[in-house]
file model06.cif (mmCIF, C-alpha atoms, pLDDT in the B column; chains and numbers go by the auth columns)
data_work
#
loop_
_atom_site.group_PDB
_atom_site.id
_atom_site.type_symbol
_atom_site.label_atom_id
_atom_site.label_comp_id
_atom_site.label_asym_id
_atom_site.label_seq_id
_atom_site.Cartn_x
_atom_site.Cartn_y
_atom_site.Cartn_z
_atom_site.B_iso_or_equiv
_atom_site.auth_seq_id
_atom_site.auth_asym_id
ATOM 1 C CA PRO A 1 100.147 82.267 102.525 50.00 1 I
ATOM 2 C CA LEU A 2 102.732 84.862 101.617 51.00 2 I
ATOM 3 C CA ASN A 3 102.244 87.265 98.727 54.00 3 I
ATOM 4 C CA ARG A 4 104.579 86.994 95.746 53.00 4 I
ATOM 5 C CA GLY A 5 106.701 89.849 97.082 52.00 5 I
ATOM 6 C CA GLY A 6 107.365 87.919 100.278 52.00 6 I
ATOM 7 C CA SER A 7 105.013 89.941 102.443 49.00 7 I
ATOM 8 C CA VAL A 8 102.261 88.648 104.652 48.00 8 I
ATOM 9 C CA PRO A 9 98.799 89.791 103.557 47.00 9 I
ATOM 10 C CA ALA A 10 97.079 92.220 105.935 45.00 10 I
ATOM 11 C CA ILE A 11 94.032 89.967 105.994 42.00 11 I
ATOM 12 C CA ALA A 12 96.095 87.417 107.968 53.00 12 I
ATOM 13 C CA ALA A 13 95.666 89.462 111.165 63.00 13 I
ATOM 14 C CA PRO A 14 92.340 88.673 112.853 67.00 14 I
ATOM 15 C CA PRO A 15 89.871 91.572 113.216 73.00 15 I
ATOM 16 C CA ARG A 16 90.294 91.612 117.008 70.00 16 I
ATOM 17 C CA ALA A 17 94.046 92.051 116.583 70.00 17 I
ATOM 18 C CA ARG A 18 93.491 94.986 114.247 73.00 18 I
ATOM 19 C CA ARG A 19 91.011 96.659 116.636 79.00 19 I
ATOM 20 C CA HIS A 20 93.000 96.181 119.854 79.00 20 I
ATOM 21 C CA ARG A 21 96.611 96.395 118.702 84.00 21 I
ATOM 22 C CA SER A 22 98.119 97.415 122.036 88.00 22 I
ATOM 23 C CA ARG A 23 96.045 95.169 124.313 87.00 23 I
ATOM 24 C CA ALA A 24 97.548 92.042 125.820 88.00 24 I
ATOM 25 C CA ALA A 25 96.924 89.015 123.623 86.00 25 I
ATOM 26 C CA LEU A 26 99.173 86.534 125.418 90.00 26 I
ATOM 27 C CA THR A 27 100.910 86.353 128.767 92.00 27 I
ATOM 28 C CA TYR A 28 103.509 83.694 129.440 93.00 28 I
ATOM 29 C CA GLY A 29 105.500 83.852 132.650 92.00 29 I
ATOM 30 C CA ASP A 30 106.473 87.474 133.190 93.00 30 I
ATOM 31 C CA ARG A 31 106.245 88.342 129.456 93.00 31 I
ATOM 32 C CA SER A 32 103.122 89.853 127.968 93.00 32 I
ATOM 33 C CA TRP A 33 102.584 90.152 124.204 92.00 33 I
ATOM 34 C CA SER A 34 100.262 92.723 122.643 92.00 34 I
ATOM 35 C CA PHE A 35 98.241 91.776 119.576 89.00 35 I
ATOM 36 C CA ASP A 36 100.652 93.830 117.453 90.00 36 I
ATOM 37 C CA GLU A 37 103.729 92.167 118.943 93.00 37 I
ATOM 38 C CA LEU A 38 102.263 88.690 118.512 91.00 38 I
ATOM 39 C CA ASN A 39 101.146 89.455 114.968 89.00 39 I
ATOM 40 C CA ASN A 40 104.571 90.884 114.034 92.00 40 I
ATOM 41 C CA ALA A 41 106.383 87.905 115.562 95.00 41 I
ATOM 42 C CA ALA A 42 104.200 85.475 113.585 93.00 42 I
ATOM 43 C CA ASP A 43 104.917 87.472 110.420 92.00 43 I
ATOM 44 C CA ARG A 44 108.678 87.248 111.052 95.00 44 I
ATOM 45 C CA VAL A 45 108.447 83.473 111.523 95.00 45 I
ATOM 46 C CA ALA A 46 106.405 83.132 108.308 94.00 46 I
ATOM 47 C CA LEU A 47 108.975 85.175 106.393 94.00 47 I
ATOM 48 C CA TYR A 48 111.776 83.070 107.890 96.00 48 I
ATOM 49 C CA TYR A 49 110.061 79.907 106.642 95.00 49 I
ATOM 50 C CA ALA A 50 109.923 81.461 103.157 93.00 50 I
ATOM 51 C CA GLN A 51 113.641 82.347 103.344 95.00 51 I
ATOM 52 C CA LEU A 52 114.369 78.714 104.196 95.00 52 I
ATOM 53 C CA GLY A 53 112.707 77.725 100.925 95.00 53 I
ATOM 54 C CA LEU A 54 109.586 76.171 102.407 95.00 54 I
ATOM 55 C CA LYS A 55 106.379 76.237 100.402 94.00 55 I
ATOM 56 C CA ALA A 56 102.771 76.487 101.529 92.00 56 I
ATOM 57 C CA GLY A 57 101.592 72.989 102.389 95.00 57 I
ATOM 58 C CA ASP A 58 105.025 71.835 103.590 97.00 58 I
ATOM 59 C CA ARG A 59 105.161 70.249 107.027 97.00 59 I
ATOM 60 C CA VAL A 60 107.055 72.039 109.798 96.00 60 I
ATOM 61 C CA LEU A 61 107.970 69.967 112.831 96.00 61 I
ATOM 62 C CA CYS A 62 107.977 72.088 115.975 94.00 62 I
ATOM 63 C CA TYR A 63 109.647 70.477 118.984 95.00 63 I
ATOM 64 C CA GLY A 64 109.617 72.287 122.291 92.00 64 I
ATOM 65 C CA LYS A 65 107.952 73.038 125.577 93.00 65 I
ATOM 66 C CA ASN A 66 104.624 74.792 125.726 92.00 66 I
ATOM 67 C CA SER A 67 105.664 78.441 125.671 94.00 67 I
ATOM 68 C CA ASP A 68 105.120 81.761 123.981 93.00 68 I
ATOM 69 C CA ALA A 69 107.842 80.898 121.440 94.00 69 I
ATOM 70 C CA TYR A 70 106.098 77.610 120.639 94.00 70 I
ATOM 71 C CA LEU A 71 102.805 79.418 120.042 93.00 71 I
ATOM 72 C CA ILE A 72 104.540 81.962 117.804 95.00 72 I
ATOM 73 C CA ALA A 73 106.080 79.130 115.753 95.00 73 I
ATOM 74 C CA PHE A 74 102.570 77.657 115.365 94.00 74 I
ATOM 75 C CA LEU A 75 101.113 81.025 114.346 93.00 75 I
ATOM 76 C CA GLY A 76 103.965 81.479 111.866 94.00 76 I
ATOM 77 C CA CYS A 77 103.067 78.110 110.302 94.00 77 I
ATOM 78 C CA THR A 78 99.428 79.032 109.928 91.00 78 I
ATOM 79 C CA ARG A 79 100.315 82.484 108.605 90.00 79 I
ATOM 80 C CA PHE A 80 102.682 80.942 106.053 93.00 80 I
ATOM 81 C CA GLY A 81 100.315 78.159 105.049 93.00 81 I
ATOM 82 C CA ALA A 82 102.526 75.344 106.315 95.00 82 I
ATOM 83 C CA ILE A 83 101.282 72.316 108.214 96.00 83 I
ATOM 84 C CA HIS A 84 102.303 72.498 111.869 95.00 84 I
ATOM 85 C CA VAL A 85 103.495 69.141 113.207 96.00 85 I
ATOM 86 C CA PRO A 86 103.566 69.511 117.013 95.00 86 I
ATOM 87 C CA ILE A 87 105.885 67.644 119.336 94.00 87 I
ATOM 88 C CA ASN A 88 105.534 69.488 122.595 85.00 88 I
ATOM 89 C CA TYR A 89 106.048 68.577 126.194 81.00 89 I
#
call {"tool": "encode", "arguments": {"input": "model06.cif", "output": "C-alpha cells"}}
result
Amino acid sequence: PLNRGGSVPAIAAPPRARRHRSRAALTYGDRSWSFDELNNAADRVALYYAQLGLKAGDRVLCYGKNSDAYLIAFLGCTRFGAIHVPINY
C-alpha cells in the first residue's frame, strides 16, 4: 500500500527488479520493458488509483485484452493494495 505521503514504498519492488534494473522484464509485441520501466509504470498506476480516491482493499475491475498495459494495471493494483478483478479476453 501507499505511504501516507502518497509514495510507493521501496520495498514494493522485488529484489530481482532492484538488482537488474535495466534488464528486460517483459516483452509484448515489439515493446520491451525493463524492470525499472515496469516498476515505474506500476507505481504511476498505483498513484493514479490513490488520486481517484480508492483505498487499499477496494476492488478494481480491469477489462481488456491480455497485453502489457493489462499487466501494468494488475501490478498497479497489487502495488496499491487493491483487489484486482480481471475481465480479460
call {"tool": "closest_residue", "arguments": {"input": "model06.cif", "among": "I:Cys62, I:Leu54, I:Val45, I:Ile72", "to": "Leu26 of chain I", "atoms": "all atoms listed in the file"}}
result
I:Ile72
call {"tool": "residues_near_point", "arguments": {"input": "model06.cif", "point": "(107.0, 78.9, 120.2)", "cutoff": "12 Å", "atoms": "all atoms listed in the file", "output": "number ranges by chain"}}
result
I: 28, 38, 41-42, 45, 61-77, 84, 86-89
call {"tool": "write_last_selection", "arguments": {"input": "model06.cif", "atoms": "C-alpha atoms", "output": "short mmCIF file (atom, residue, chain, number, x, y, z; two decimals), keeping the file's coordinate frame"}}
result
data_model
loop_
_atom_site.label_atom_id
_atom_site.label_comp_id
_atom_site.auth_asym_id
_atom_site.auth_seq_id
_atom_site.Cartn_x
_atom_site.Cartn_y
_atom_site.Cartn_z
CA TYR I 28 103.51 83.69 129.44
CA LEU I 38 102.26 88.69 118.51
CA ALA I 41 106.38 87.90 115.56
CA ALA I 42 104.20 85.48 113.58
CA VAL I 45 108.45 83.47 111.52
CA LEU I 61 107.97 69.97 112.83
CA CYS I 62 107.98 72.09 115.98
CA TYR I 63 109.65 70.48 118.98
CA GLY I 64 109.62 72.29 122.29
CA LYS I 65 107.95 73.04 125.58
CA ASN I 66 104.62 74.79 125.73
CA SER I 67 105.66 78.44 125.67
CA ASP I 68 105.12 81.76 123.98
CA ALA I 69 107.84 80.90 121.44
CA TYR I 70 106.10 77.61 120.64
CA LEU I 71 102.80 79.42 120.04
CA ILE I 72 104.54 81.96 117.80
CA ALA I 73 106.08 79.13 115.75
CA PHE I 74 102.57 77.66 115.36
CA LEU I 75 101.11 81.03 114.35
CA GLY I 76 103.96 81.48 111.87
CA CYS I 77 103.07 78.11 110.30
CA HIS I 84 102.30 72.50 111.87
CA PRO I 86 103.57 69.51 117.01
CA ILE I 87 105.88 67.64 119.34
CA ASN I 88 105.53 69.49 122.60
CA TYR I 89 106.05 68.58 126.19
#
call {"tool": "atom_distance", "arguments": {"input": "model06.cif", "atom1": "atom CA of Ile83 of chain I", "atom2": "atom CA of Arg59 of chain I"}}
result
4.6 Å
call {"tool": "atom_distance", "arguments": {"input": "model06.cif", "atom1": "atom CA of Gly81 of chain I", "atom2": "atom CA of Ala25 of chain I"}}
result
21.8 Å
call {"tool": "atom_distance", "arguments": {"input": "model06.cif", "atom1": "atom CA of Val60 of chain I", "atom2": "atom CA of Asp43 of chain I"}}
result
15.6 Å
